[in-house]
Structures are given as structure tokens and as C-alpha cells.
$ cat my_file_38.cif   # mmCIF, C-alpha atoms
data_input
#
loop_
_atom_site.group_PDB
_atom_site.id
_atom_site.type_symbol
_atom_site.label_atom_id
_atom_site.label_comp_id
_atom_site.auth_asym_id
_atom_site.auth_seq_id
_atom_site.Cartn_x
_atom_site.Cartn_y
_atom_site.Cartn_z
ATOM 1 C CA MET A 29 42.915 1.957 11.419
ATOM 2 C CA ASP A 30 45.535 -0.023 9.501
ATOM 3 C CA VAL A 31 48.600 1.049 11.510
ATOM 4 C CA PRO A 32 51.281 -0.571 9.285
ATOM 5 C CA LEU A 33 49.749 1.136 6.230
ATOM 6 C CA LEU A 34 49.636 4.505 8.021
ATOM 7 C CA VAL A 35 53.280 4.172 9.052
ATOM 8 C CA GLU A 36 54.295 3.255 5.499
ATOM 9 C CA GLN A 37 52.406 6.255 4.105
ATOM 10 C CA ALA A 38 53.930 8.550 6.752
ATOM 11 C CA ARG A 39 57.417 7.382 5.715
ATOM 12 C CA GLU A 40 56.494 8.391 2.156
ATOM 13 C CA GLY A 41 55.775 11.896 3.414
ATOM 14 C CA ARG A 42 51.994 11.830 3.122
ATOM 15 C CA PRO A 43 50.737 14.524 5.503
ATOM 16 C CA ARG A 44 47.328 12.916 6.009
ATOM 17 C CA ALA A 45 48.945 9.734 7.364
ATOM 18 C CA VAL A 46 51.167 11.773 9.704
ATOM 19 C CA ALA A 47 48.115 13.689 10.900
ATOM 20 C CA ARG A 48 46.201 10.497 11.642
ATOM 21 C CA LEU A 49 49.107 9.013 13.584
ATOM 22 C CA ILE A 50 49.420 12.142 15.725
ATOM 23 C CA SER A 51 45.653 12.135 16.264
ATOM 24 C CA LEU A 52 45.926 8.561 17.567
ATOM 25 C CA VAL A 53 48.605 9.821 19.959
ATOM 26 C CA GLU A 54 46.589 12.819 21.153
ATOM 27 C CA GLY A 55 43.464 10.752 21.639
ATOM 28 C CA ALA A 56 45.323 8.041 23.608
ATOM 29 C CA SER A 57 43.904 5.500 21.164
ATOM 30 C CA PRO A 58 43.839 1.803 22.080
ATOM 31 C CA GLN A 59 46.093 1.399 19.013
ATOM 32 C CA LEU A 60 48.720 3.733 20.508
ATOM 33 C CA ARG A 61 50.946 0.875 21.664
ATOM 34 C CA GLU A 62 50.826 -0.671 18.213
ATOM 35 C CA VAL A 63 51.724 2.701 16.665
ATOM 36 C CA MET A 64 54.709 3.239 18.953
ATOM 37 C CA ALA A 65 55.958 -0.319 18.369
ATOM 38 C CA ALA A 66 55.821 0.222 14.599
ATOM 39 C CA LEU A 67 57.588 3.592 14.800
ATOM 40 C CA ALA A 68 60.385 2.580 17.197
ATOM 41 C CA PRO A 69 62.805 1.162 14.576
ATOM 42 C CA LEU A 70 62.303 4.226 12.360
ATOM 43 C CA THR A 71 63.263 6.941 14.849
ATOM 44 C CA GLY A 72 66.492 8.580 15.963
ATOM 45 C CA GLY A 73 67.404 10.546 12.859
ATOM 46 C CA ALA A 74 65.718 13.882 13.557
ATOM 47 C CA TYR A 75 67.327 16.830 15.315
ATOM 48 C CA VAL A 76 64.842 18.253 17.834
ATOM 49 C CA VAL A 77 65.049 21.979 18.549
ATOM 50 C CA GLY A 78 62.870 23.520 21.256
ATOM 51 C CA LEU A 79 61.939 27.197 21.171
ATOM 52 C CA THR A 80 60.651 28.765 24.337
ATOM 53 C CA GLY A 81 60.253 32.169 25.925
ATOM 54 C CA SER A 82 57.735 34.589 27.323
ATOM 55 C CA PRO A 83 54.602 35.557 25.386
ATOM 56 C CA GLY A 84 55.265 38.196 22.768
ATOM 57 C CA VAL A 85 58.963 37.572 22.128
ATOM 58 C CA GLY A 86 58.305 36.289 18.610
ATOM 59 C CA LYS A 87 58.531 32.516 18.954
ATOM 60 C CA SER A 88 56.195 31.755 16.042
ATOM 61 C CA THR A 89 57.857 34.313 13.774
ATOM 62 C CA CYS A 90 61.297 32.955 14.651
ATOM 63 C CA THR A 91 60.097 29.393 14.084
ATOM 64 C CA SER A 92 58.779 30.337 10.645
ATOM 65 C CA ALA A 93 62.084 32.017 9.771
ATOM 66 C CA LEU A 94 64.010 28.906 10.862
ATOM 67 C CA VAL A 95 61.765 26.742 8.676
ATOM 68 C CA THR A 96 62.647 28.972 5.717
ATOM 69 C CA ALA A 97 66.372 28.663 6.461
ATOM 70 C CA TYR A 98 66.277 24.895 6.845
ATOM 71 C CA ARG A 99 64.209 24.434 3.692
ATOM 72 C CA LYS A 100 66.760 26.461 1.727
ATOM 73 C CA ALA A 101 69.327 23.933 2.969
ATOM 74 C CA GLY A 102 67.156 21.111 1.614
ATOM 75 C CA ARG A 103 66.046 19.691 4.960
ATOM 76 C CA ARG A 104 62.598 18.332 5.732
ATOM 77 C CA VAL A 105 61.092 20.150 8.690
ATOM 78 C CA GLY A 106 58.401 19.233 11.180
ATOM 79 C CA VAL A 107 56.851 21.813 13.486
ATOM 80 C CA LEU A 108 54.889 21.229 16.684
ATOM 81 C CA ALA A 109 53.286 24.467 17.846
ATOM 82 C CA VAL A 110 51.801 24.108 21.329
ATOM 83 C CA ASP A 111 49.055 26.496 22.428
ATOM 84 C CA PRO A 112 47.438 26.848 25.857
ATOM 85 C CA SER A 113 44.029 25.401 26.647
ATOM 86 C CA SER A 114 41.478 27.478 28.501
ATOM 87 C CA PRO A 115 41.102 26.367 32.141
ATOM 88 C CA PHE A 116 37.426 27.352 31.922
ATOM 89 C CA SER A 117 36.119 26.111 28.575
ATOM 90 C CA GLY A 118 38.856 23.596 27.801
ATOM 91 C CA GLY A 119 39.162 25.020 24.293
ATOM 92 C CA ALA A 120 42.288 26.362 22.627
ATOM 93 C CA LEU A 121 42.919 28.901 19.879
ATOM 94 C CA LEU A 122 45.557 27.147 17.802
ATOM 95 C CA GLY A 123 46.841 30.404 16.354
ATOM 96 C CA ASP A 124 50.607 29.921 16.278
ATOM 97 C CA ARG A 125 50.454 28.370 12.811
ATOM 98 C CA VAL A 126 48.878 31.559 11.419
ATOM 99 C CA ARG A 127 52.348 33.109 11.368
ATOM 100 C CA MET A 128 53.640 30.078 9.461
ATOM 101 C CA SER A 129 51.013 30.095 6.712
ATOM 102 C CA GLU A 130 53.662 30.760 4.048
ATOM 103 C CA HIS A 131 54.858 27.157 4.498
ATOM 104 C CA ALA A 132 51.404 25.557 4.280
ATOM 105 C CA SER A 133 51.816 24.445 0.666
ATOM 106 C CA ASP A 134 55.403 23.191 1.045
ATOM 107 C CA PRO A 135 55.436 19.360 0.928
ATOM 108 C CA GLY A 136 58.743 19.385 2.807
ATOM 109 C CA VAL A 137 57.173 21.022 5.867
ATOM 110 C CA TYR A 138 54.657 19.502 8.263
ATOM 111 C CA ILE A 139 53.068 21.835 10.824
ATOM 112 C CA ARG A 140 50.902 20.557 13.665
ATOM 113 C CA SER A 141 49.215 22.631 16.350
ATOM 114 C CA MET A 142 48.593 20.982 19.707
ATOM 115 C CA ALA A 143 46.705 22.119 22.787
ATOM 116 C CA THR A 144 48.190 21.638 26.250
ATOM 117 C CA ARG A 145 44.859 20.247 27.544
ATOM 118 C CA GLY A 146 45.799 21.436 31.022
ATOM 119 C CA HIS A 147 49.298 19.934 30.999
ATOM 120 C CA LEU A 148 51.816 22.256 32.645
ATOM 121 C CA GLY A 149 55.426 22.844 31.683
ATOM 122 C CA GLY A 150 54.813 24.588 28.343
ATOM 123 C CA LEU A 151 54.137 21.429 26.309
ATOM 124 C CA ALA A 152 51.253 19.105 25.556
ATOM 125 C CA TRP A 153 51.167 15.676 27.208
ATOM 126 C CA ALA A 154 51.336 14.000 23.799
ATOM 127 C CA ALA A 155 54.343 16.041 22.589
ATOM 128 C CA PRO A 156 57.006 13.310 23.092
ATOM 129 C CA GLN A 157 55.011 10.767 21.082
ATOM 130 C CA ALA A 158 54.181 13.369 18.414
ATOM 131 C CA ILE A 159 57.908 14.119 18.085
ATOM 132 C CA ARG A 160 58.461 10.393 17.575
ATOM 133 C CA VAL A 161 55.866 10.359 14.767
ATOM 134 C CA LEU A 162 57.535 13.258 12.942
ATOM 135 C CA ASP A 163 60.940 11.646 13.427
ATOM 136 C CA ALA A 164 59.737 8.383 11.904
ATOM 137 C CA ALA A 165 58.056 10.317 9.071
ATOM 138 C CA GLY A 166 61.489 11.401 7.847
ATOM 139 C CA CYS A 167 61.810 14.936 9.209
ATOM 140 C CA ASP A 168 65.435 16.045 9.418
ATOM 141 C CA VAL A 169 64.665 18.839 11.885
ATOM 142 C CA ILE A 170 61.740 19.078 14.320
ATOM 143 C CA LEU A 171 60.996 22.517 15.769
ATOM 144 C CA VAL A 172 58.930 22.430 18.951
ATOM 145 C CA GLU A 173 57.437 25.775 19.931
ATOM 146 C CA THR A 174 56.143 25.916 23.481
ATOM 147 C CA VAL A 175 53.318 28.037 24.814
ATOM 148 C CA GLY A 176 54.301 31.438 26.201
ATOM 149 C CA VAL A 177 56.010 30.166 29.319
ATOM 150 C CA GLY A 178 56.899 31.718 32.635
ATOM 151 C CA GLN A 179 59.909 31.446 34.900
ATOM 152 C CA SER A 180 59.660 27.771 35.799
ATOM 153 C CA GLU A 181 57.911 26.089 32.884
ATOM 154 C CA VAL A 182 60.997 24.497 31.406
ATOM 155 C CA GLU A 183 59.840 21.045 30.304
ATOM 156 C CA ILE A 184 61.127 21.680 26.789
ATOM 157 C CA ALA A 185 64.699 21.172 28.071
ATOM 158 C CA ALA A 186 63.837 17.516 28.710
ATOM 159 C CA GLN A 187 62.303 16.989 25.254
ATOM 160 C CA ALA A 188 64.697 18.768 22.882
ATOM 161 C CA ASP A 189 68.230 18.062 21.738
ATOM 162 C CA THR A 190 68.888 21.806 21.760
ATOM 163 C CA SER A 191 66.853 24.422 23.628
ATOM 164 C CA VAL A 192 66.561 27.947 22.259
ATOM 165 C CA VAL A 193 65.413 30.637 24.692
ATOM 166 C CA LEU A 194 64.011 33.790 23.117
ATOM 167 C CA LEU A 195 63.937 37.169 24.805
ATOM 168 C CA ALA A 196 63.043 40.662 23.617
ATOM 169 C CA PRO A 197 63.826 44.210 24.739
ATOM 170 C CA GLY A 198 61.439 45.559 27.328
ATOM 171 C CA MET A 199 60.479 42.153 28.734
ATOM 172 C CA GLY A 200 62.129 42.707 32.116
ATOM 173 C CA ASP A 201 65.289 43.940 33.791
ATOM 174 C CA GLY A 202 68.350 42.105 35.028
ATOM 175 C CA ILE A 203 66.652 41.031 38.254
ATOM 176 C CA GLN A 204 63.860 39.436 36.255
ATOM 177 C CA ALA A 205 66.433 37.615 34.157
ATOM 178 C CA ALA A 206 68.387 36.447 37.185
ATOM 179 C CA LYS A 207 65.431 34.778 38.912
ATOM 180 C CA ALA A 208 63.980 33.182 35.801
ATOM 181 C CA GLY A 209 64.588 29.457 35.791
ATOM 182 C CA ILE A 210 64.012 29.539 32.062
ATOM 183 C CA LEU A 211 67.423 31.153 31.642
ATOM 184 C CA GLU A 212 69.110 28.080 33.072
ATOM 185 C CA ILE A 213 67.990 25.707 30.314
ATOM 186 C CA GLY A 214 69.115 27.446 27.148
ATOM 187 C CA ASP A 215 71.759 26.120 24.791
ATOM 188 C CA VAL A 216 71.297 29.105 22.486
ATOM 189 C CA TYR A 217 69.842 32.488 23.475
ATOM 190 C CA VAL A 218 68.135 34.756 20.980
ATOM 191 C CA VAL A 219 67.375 38.421 21.584
ATOM 192 C CA ASN A 220 64.614 38.948 19.053
ATOM 193 C CA LYS A 221 63.176 42.282 17.891
ATOM 194 C CA ALA A 222 66.736 43.613 18.021
ATOM 195 C CA ASP A 223 65.694 46.702 16.032
ATOM 196 C CA ARG A 224 64.014 48.031 19.164
ATOM 197 C CA ASP A 225 65.636 50.270 21.717
ATOM 198 C CA GLY A 226 67.267 48.340 24.525
ATOM 199 C CA ALA A 227 68.293 45.272 22.515
ATOM 200 C CA ASP A 228 71.990 45.787 23.201
ATOM 201 C CA ALA A 229 71.285 46.309 26.904
ATOM 202 C CA THR A 230 69.209 43.131 27.010
ATOM 203 C CA ALA A 231 72.054 41.165 25.395
ATOM 204 C CA ARG A 232 74.577 42.645 27.850
ATOM 205 C CA GLU A 233 72.421 41.815 30.883
ATOM 206 C CA LEU A 234 71.851 38.309 29.594
ATOM 207 C CA ASN A 235 75.567 37.791 29.027
ATOM 208 C CA HIS A 236 76.245 39.053 32.547
ATOM 209 C CA MET A 237 73.672 36.708 34.083
ATOM 210 C CA LEU A 238 75.071 33.734 32.186
ATOM 211 C CA GLY A 239 78.523 34.651 33.433
ATOM 212 C CA LEU A 240 77.260 34.461 37.009
ATOM 213 C CA GLY A 241 76.074 30.894 36.493
ATOM 214 C CA GLU A 242 77.933 27.673 37.116
ATOM 215 C CA SER A 243 81.590 27.579 36.199
ATOM 216 C CA ARG A 244 82.534 25.880 32.949
ATOM 217 C CA ALA A 245 85.590 23.788 32.298
ATOM 218 C CA PRO A 246 87.652 24.325 29.146
ATOM 219 C CA GLY A 247 85.797 22.794 26.236
ATOM 220 C CA ASP A 248 82.359 23.073 27.869
ATOM 221 C CA TRP A 249 79.582 24.611 25.814
ATOM 222 C CA ARG A 250 78.993 28.292 26.444
ATOM 223 C CA PRO A 251 75.574 29.339 25.162
ATOM 224 C CA PRO A 252 75.899 32.011 22.465
ATOM 225 C CA ILE A 253 73.668 35.081 22.340
ATOM 226 C CA VAL A 254 72.316 35.948 18.905
ATOM 227 C CA LYS A 255 70.397 39.116 18.053
ATOM 228 C CA THR A 256 67.659 38.760 15.440
ATOM 229 C CA VAL A 257 64.806 40.552 13.750
ATOM 230 C CA ALA A 258 62.862 37.432 12.829
ATOM 231 C CA ALA A 259 60.096 39.322 11.030
ATOM 232 C CA ARG A 260 62.699 40.379 8.440
ATOM 233 C CA GLY A 261 64.808 37.227 8.607
ATOM 234 C CA GLU A 262 67.777 39.096 10.047
ATOM 235 C CA GLY A 263 70.127 37.042 12.210
ATOM 236 C CA ILE A 264 68.400 33.722 11.442
ATOM 237 C CA ASP A 265 71.418 32.334 9.590
ATOM 238 C CA GLU A 266 73.464 33.020 12.721
ATOM 239 C CA VAL A 267 70.910 31.103 14.807
ATOM 240 C CA VAL A 268 71.127 28.116 12.444
ATOM 241 C CA GLU A 269 74.922 28.295 12.641
ATOM 242 C CA ALA A 270 74.766 28.288 16.453
ATOM 243 C CA LEU A 271 72.418 25.296 16.391
ATOM 244 C CA ASP A 272 74.733 23.387 14.036
ATOM 245 C CA LYS A 273 77.726 24.147 16.252
ATOM 246 C CA HIS A 274 75.874 22.942 19.343
ATOM 247 C CA ARG A 275 74.851 19.712 17.637
ATOM 248 C CA ALA A 276 78.432 19.101 16.488
ATOM 249 C CA TRP A 277 79.713 19.797 20.014
ATOM 250 C CA MET A 278 77.198 17.325 21.515
ATOM 251 C CA GLU A 279 78.017 14.609 18.991
ATOM 252 C CA GLU A 280 81.749 15.044 19.540
ATOM 253 C CA ARG A 281 81.403 14.563 23.298
ATOM 254 C CA ASP A 282 78.584 11.979 23.216
ATOM 255 C CA VAL A 283 76.279 14.472 24.944
ATOM 256 C CA LEU A 284 73.565 14.054 22.308
ATOM 257 C CA ALA A 285 73.229 10.300 22.939
ATOM 258 C CA THR A 286 73.114 10.919 26.692
ATOM 259 C CA ARG A 287 70.372 13.526 26.336
ATOM 260 C CA ARG A 288 68.288 11.229 24.163
ATOM 261 C CA THR A 289 68.676 8.352 26.601
ATOM 262 C CA THR A 290 67.592 10.636 29.459
ATOM 263 C CA ARG A 291 64.634 11.770 27.374
ATOM 264 C CA ALA A 292 63.584 8.176 26.722
ATOM 265 C CA ALA A 293 63.868 7.373 30.432
ATOM 266 C CA ARG A 294 61.555 10.270 31.306
ATOM 267 C CA GLU A 295 59.081 9.157 28.662
ATOM 268 C CA ILE A 296 59.068 5.610 30.059
ATOM 269 C CA GLU A 297 58.595 6.965 33.583
ATOM 270 C CA THR A 298 55.689 9.168 32.488
ATOM 271 C CA ILE A 299 53.923 6.276 30.757
ATOM 272 C CA ALA A 300 54.467 4.009 33.778
ATOM 273 C CA LEU A 301 53.140 6.628 36.206
ATOM 274 C CA THR A 302 50.118 7.258 33.985
ATOM 275 C CA THR A 303 49.383 3.523 33.967
ATOM 276 C CA LEU A 304 49.735 3.328 37.750
ATOM 277 C CA ARG A 305 47.514 6.383 38.202
ATOM 278 C CA ALA A 306 44.812 4.712 36.145
ATOM 279 C CA ARG A 307 45.060 1.581 38.327
ATOM 280 C CA ILE A 308 44.937 3.664 41.498
ATOM 281 C CA THR A 309 41.688 5.355 40.508
ATOM 282 C CA THR A 310 40.100 2.015 39.566
ATOM 283 C CA PRO A 311 38.922 0.317 42.801
ATOM 284 C CA GLY A 312 39.933 -3.308 43.144
ATOM 285 C CA PRO A 313 39.579 -6.051 45.742
ATOM 286 C CA ALA A 314 43.064 -5.422 47.138
ATOM 287 C CA HIS A 315 43.036 -1.619 47.045
ATOM 288 C CA ASP A 316 40.305 0.960 47.343
ATOM 289 C CA LEU A 317 41.487 4.558 47.240
ATOM 290 C CA PRO A 318 38.164 6.116 48.368
ATOM 291 C CA ALA A 319 38.050 3.769 51.379
ATOM 292 C CA LEU A 320 41.626 4.656 52.346
ATOM 293 C CA ALA A 321 40.853 8.353 51.906
ATOM 294 C CA GLN A 322 37.814 8.040 54.169
ATOM 295 C CA ARG A 323 39.906 6.426 56.898
ATOM 296 C CA VAL A 324 42.493 9.227 56.631
ATOM 297 C CA THR A 325 39.698 11.800 56.911
ATOM 298 C CA GLN A 326 38.321 10.032 60.009
ATOM 299 C CA GLY A 327 41.769 9.993 61.610
ATOM 300 C CA THR A 328 41.969 6.199 61.881
ATOM 301 C CA LEU A 329 44.825 6.041 59.357
ATOM 302 C CA ASP A 330 47.640 8.414 58.499
ATOM 303 C CA PRO A 331 48.258 9.314 54.832
ATOM 304 C CA TYR A 332 51.733 7.714 54.689
ATOM 305 C CA THR A 333 50.459 4.361 55.916
ATOM 306 C CA ALA A 334 47.560 4.634 53.492
ATOM 307 C CA ALA A 335 49.984 5.317 50.652
ATOM 308 C CA ASP A 336 52.134 2.345 51.666
ATOM 309 C CA THR A 337 49.030 0.149 51.717
ATOM 310 C CA LEU A 338 48.058 1.338 48.243
ATOM 311 C CA VAL A 339 51.537 0.802 46.789
ATOM 312 C CA ALA A 340 51.792 -2.656 48.357
ATOM 313 C CA ALA A 341 48.431 -3.627 46.893
ATOM 314 C CA LEU A 342 49.352 -2.351 43.430
ATOM 315 C CA THR A 343 52.705 -4.125 43.372
ATOM 316 C CA THR A 344 51.233 -7.483 44.450
ATOM 317 C CA ASP A 345 48.224 -7.433 42.076
#

$ encode --input "my_file_38.cif" --output "C-alpha cells"
Amino acid sequence: MDVPLLVEQAREGRPRAVARLISLVEGASPQLREVMAALAPLTGGAYVVGLTGSPGVGKSTCTSALVTAYRKAGRRVGVLAVDPSSPFSGGALLGDRVRMSEHASDPGVYIRSMATRGHLGGLAWAAPQAIRVLDAAGCDVILVETVGVGQSEVEIAAQADTSVVLLAPGMGDGIQAAKAGILEIGDVYVVNKADRDGADATARELNHMLGLGESRAPGDWRPPIVKTVAARGEGIDEVVEALDKHRAWMEERDVLATRRTTRAAREIETIALTTLRARITTPGPAHDLPALAQRVTQGTLDPYTAADTLVAALTTD
């Protein structure tokens, strides 16, 4: 593919060009390095918002409502909706976008479904690079919706500028909330389906659990709790207001730049480790992983010495 032409077309807002660039990312194309090099000078303008929470709390509905709110404000919006892949068939039902069908014909909205392809943490492996594509394509806001995550799948906190954690009444008691690592990553908390019984109690328990967390100095960000009924659009303006306040707070204290630098460092580390893993599994004259593994199995070599041998061989190749 003509990468410079695709990038130029993506900057013009052509959805087909954006789709092809993301497909190159997902497929780990040999042209991926060329794509990332072309996109690098064009990124950094988008505000990345991650939405996470347990299955059934209304992440897709809330995402769709946020798209509506941002479009009313005249902002271009990109959406990455991540769905789980089957551990048996490898397939994925990319159904999150069904709840966002009302935006399908809006040229100011780009929606992309992605499968995890076995990657843990609630996101797809290609999500960071896909975010970069949407950023370069001129999106003002990028909403990243994770799969229905559990208590420790909190990778979205490392990929988003602001993390929104959604909860709903009846999804667990205070003990469940206290032990959930997912409650330690939120910058904004949303109690969705607030028209149900128990919404006020859920908000109170959440506020109590947040109060038991680490102490905050004056001026530190205290995550707000917003109650919504996303299916009717109720409370969404308050969520947008909370997101804007958090972004302003981060920019004022240089937290946003620090988060983005940390995010870039993790991306570099992931790419480097992936490259090393590929070299490890490719036998060479100076290192042979199967041979080392056989010696460990036979008891003639311990695994730490074998690992040191492998690292030494890789670093001197």
C-alpha cells in the first residue's frame, strides 16, 4: 500500500484510509514501521478517554451517549470498542458497535471494533497503535471501551489520559468494591442505570471506599462520582464536565504530559520485548532455546543459568 497517500487521506477524514491503516496495525504488517514513522509528527492532539467496568454496566451505551455529547460540541470523535476473542475458536462477536449504530452515518465519528486475540488486560494488543492512527486522523476525542473486565484487568489506565470506571446497582457489595483493583485506577466514576433501586447505596459505598484509599494532599485530584442513566442520556453532560475538569487539572499541573510520556515508554518497552521474544523463538548459532530447555529438563542446567546464557547470546548477536 501507498502509506504516505493513506496517511494524507486519513488526515482528510476519509474513513476507508483510517480503516486500512488500523488493519495494517492489527495485522502487524511489514509496513507497520513505515506507518508509525509517518504518523509520529501528526499525533498528540487527541484526548484519550478509557471506559471500563464489569460486563453489563452499560459501557457501550455510555460510550454512545458521550459521542452524542461531544458531537454536539463540534468535536470529532474516534471510538475503539474492544471485544473478547473466544479461547476455543479464536473468533469474536464484535457487537459493541451495535449500540452505537446511530452514529454510523456521521462523518465526524469513526468507530472501530477490535478483538483482543487472546491479549489480557481488557484491551487488544494493537490498541496503542490504533489510538495513534485515530489521533493522527484528526480526532479531538478518542473513546476506548474495554471488554467487560474483572478485578485486575486494568491496562486501560496505562493507555488513556483519563480513565472512567462504570458501575451499576446490584453488581456487588462494598466488600466486592474494596477488593477490586479496578477501583484504584479511575479518574472519574460513573454509577450507571441510576434509575434502579440501590443506585444511591452504590454511590455511597463507592465514595466510602475511595475515602479509605491513599491520602490526598490539598490540590490533588479527587475522583468525582456521577450518576447516569445512559440509555436516556441523563447525567452524560455531568460526565463530560467531569472529564473536562480532569483534563484541565492535569494540564495545569503537567500531569497530562507525564502520563503520555509514561504511556510512550510502555509502548516502546512492549515493542522491544515483542522483538526480543521473536528472536528468542528463532534458533540461531549463538542461542538455541529448545536445546537450553532440554538441558534444564535433564537437570544438567538450572533455568536461571539458561536464561543468563540466552540473554548474553541475544545481546552479543

$ resolve_selection --input "my_file_38.cif" --expression "the PyMOL selection byres ((chain A and resi 291) around 10)" --output "JSON, numbers by chain"
{"A": [156, 185, 186, 187, 188, 189, 285, 286, 287, 288, 289, 290, 292, 293, 294, 295, 296, 297]}

$ write_last_selection --input "my_file_38.cif" --atoms "C-alpha atoms" --output "JSON list (two decimals), in the coordinates of the input"
[["chain", "number", "residue", "atom", "x", "y", "z"],
["A", 156, "PRO", "CA", 57.01, 13.31, 23.09],
["A", 185, "ALA", "CA", 64.70, 21.17, 28.07],
["A", 186, "ALA", "CA", 63.84, 17.52, 28.71],
["A", 187, "GLN", "CA", 62.30, 16.99, 25.25],
["A", 188, "ALA", "CA", 64.70, 18.77, 22.88],
["A", 189, "ASP", "CA", 68.23, 18.06, 21.74],
["A", 285, "ALA", "CA", 73.23, 10.30, 22.94],
["A", 286, "THR", "CA", 73.11, 10.92, 26.69],
["A", 287, "ARG", "CA", 70.37, 13.53, 26.34],
["A", 288, "ARG", "CA", 68.29, 11.23, 24.16],
["A", 289, "THR", "CA", 68.68, 8.35, 26.60],
["A", 290, "THR", "CA", 67.59, 10.64, 29.46],
["A", 292, "ALA", "CA", 63.58, 8.18, 26.72],
["A", 293, "ALA", "CA", 63.87, 7.37, 30.43],
["A", 294, "ARG", "CA", 61.56, 10.27, 31.31],
["A", 295, "GLU", "CA", 59.08, 9.16, 28.66],
["A", 296, "ILE", "CA", 59.07, 5.61, 30.06],
["A", 297, "GLU", "CA", 58.60, 6.96, 33.58]]

$ residues_around --input "my_file_38.cif" --residues "stretch 255-265 of chain A" --least-positions-apart "4" --cutoff "8 Å" --atoms "all atoms listed in the file" --output "JSON, numbers by chain"
{"A": [86, 89, 90, 93, 94, 97, 218, 219, 220, 221, 222, 223, 227, 231, 269]}

$ write_last_selection --input "my_file_38.cif" --atoms "C-alpha atoms" --output "PDB file, in the frame of the given file"
ATOM      1  CA  GLY A  86      58.305  36.289  18.610  1.00  0.00           C
ATOM      2  CA  THR A  89      57.857  34.313  13.774  1.00  0.00           C
ATOM      3  CA  CYS A  90      61.297  32.955  14.651  1.00  0.00           C
ATOM      4  CA  ALA A  93      62.084  32.017   9.771  1.00  0.00           C
ATOM      5  CA  LEU A  94      64.010  28.906  10.862  1.00  0.00           C
ATOM      6  CA  ALA A  97      66.372  28.663   6.461  1.00  0.00           C
ATOM      7  CA  VAL A 218      68.135  34.756  20.980  1.00  0.00           C
ATOM      8  CA  VAL A 219      67.375  38.421  21.584  1.00  0.00           C
ATOM      9  CA  ASN A 220      64.614  38.948  19.053  1.00  0.00           C
ATOM     10  CA  LYS A 221      63.176  42.282  17.891  1.00  0.00           C
ATOM     11  CA  ALA A 222      66.736  43.613  18.021  1.00  0.00           C
ATOM     12  CA  ASP A 223      65.694  46.702  16.032  1.00  0.00           C
ATOM     13  CA  ALA A 227      68.293  45.272  22.515  1.00  0.00           C
ATOM     14  CA  ALA A 231      72.054  41.165  25.395  1.00  0.00           C
ATOM     15  CA  GLU A 269      74.922  28.295  12.641  1.00  0.00           C
TER      16      GLU A 269
END

$ atom_distance --input "my_file_38.cif" --atom1 "atom CA of A:Met128" --atom2 "atom CA of A:Asp163"
20.2 Å

$ atom_distance --input "my_file_38.cif" --atom1 "atom CA of A:Val85" --atom2 "atom CA of A:Val268"
18.2 Å

$ atom_distance --input "my_file_38.cif" --atom1 "atom CA of A:Glu173" --atom2 "atom CA of A:Val254"
18.1 Å

$ build_atoms --input "my_file_38.cif" --residues "stretch 298-303 of chain A" --atoms "all heavy atoms" --output "PDB file, in the coordinates of the input"
ATOM      1  N   THR A 298      56.996   8.522  32.607  1.00  0.00           N
ATOM      2  CA  THR A 298      55.689   9.168  32.488  1.00  0.00           C
ATOM      3  C   THR A 298      54.605   8.166  32.121  1.00  0.00           C
ATOM      4  O   THR A 298      53.502   8.178  32.688  1.00  0.00           O
ATOM      5  CB  THR A 298      55.747  10.284  31.429  1.00  0.00           C
ATOM      6  OG1 THR A 298      56.712  11.265  31.826  1.00  0.00           O
ATOM      7  CG2 THR A 298      54.392  10.954  31.264  1.00  0.00           C
ATOM      8  N   ILE A 299      54.905   7.287  31.167  1.00  0.00           N
ATOM      9  CA  ILE A 299      53.923   6.276  30.757  1.00  0.00           C
ATOM     10  C   ILE A 299      53.613   5.331  31.911  1.00  0.00           C
ATOM     11  O   ILE A 299      52.458   4.973  32.166  1.00  0.00           O
ATOM     12  CB  ILE A 299      54.447   5.501  29.538  1.00  0.00           C
ATOM     13  CG1 ILE A 299      54.542   6.423  28.331  1.00  0.00           C
ATOM     14  CG2 ILE A 299      53.542   4.312  29.222  1.00  0.00           C
ATOM     15  CD1 ILE A 299      55.242   5.812  27.137  1.00  0.00           C
ATOM     16  N   ALA A 300      54.668   4.919  32.649  1.00  0.00           N
ATOM     17  CA  ALA A 300      54.467   4.009  33.778  1.00  0.00           C
ATOM     18  C   ALA A 300      53.616   4.665  34.866  1.00  0.00           C
ATOM     19  O   ALA A 300      52.699   4.037  35.422  1.00  0.00           O
ATOM     20  CB  ALA A 300      55.818   3.584  34.349  1.00  0.00           C
ATOM     21  N   LEU A 301      53.908   5.930  35.167  1.00  0.00           N
ATOM     22  CA  LEU A 301      53.140   6.628  36.206  1.00  0.00           C
ATOM     23  C   LEU A 301      51.689   6.835  35.773  1.00  0.00           C
ATOM     24  O   LEU A 301      50.767   6.753  36.593  1.00  0.00           O
ATOM     25  CB  LEU A 301      53.790   7.982  36.513  1.00  0.00           C
ATOM     26  CG  LEU A 301      55.137   7.919  37.247  1.00  0.00           C
ATOM     27  CD1 LEU A 301      55.730   9.317  37.382  1.00  0.00           C
ATOM     28  CD2 LEU A 301      54.966   7.285  38.630  1.00  0.00           C
ATOM     29  N   THR A 302      51.486   7.106  34.487  1.00  0.00           N
ATOM     30  CA  THR A 302      50.118   7.258  33.985  1.00  0.00           C
ATOM     31  C   THR A 302      49.347   5.954  34.130  1.00  0.00           C
ATOM     32  O   THR A 302      48.170   5.932  34.517  1.00  0.00           O
ATOM     33  CB  THR A 302      50.134   7.698  32.517  1.00  0.00           C
ATOM     34  OG1 THR A 302      50.837   8.935  32.397  1.00  0.00           O
ATOM     35  CG2 THR A 302      48.721   7.879  31.988  1.00  0.00           C
ATOM     36  N   THR A 303      50.017   4.837  33.826  1.00  0.00           N
ATOM     37  CA  THR A 303      49.383   3.523  33.967  1.00  0.00           C
ATOM     38  C   THR A 303      49.044   3.238  35.422  1.00  0.00           C
ATOM     39  O   THR A 303      47.942   2.761  35.750  1.00  0.00           O
ATOM     40  CB  THR A 303      50.307   2.425  33.424  1.00  0.00           C
ATOM     41  OG1 THR A 303      50.626   2.707  32.048  1.00  0.00           O
ATOM     42  CG2 THR A 303      49.643   1.059  33.520  1.00  0.00           C
TER      43      THR A 303
END
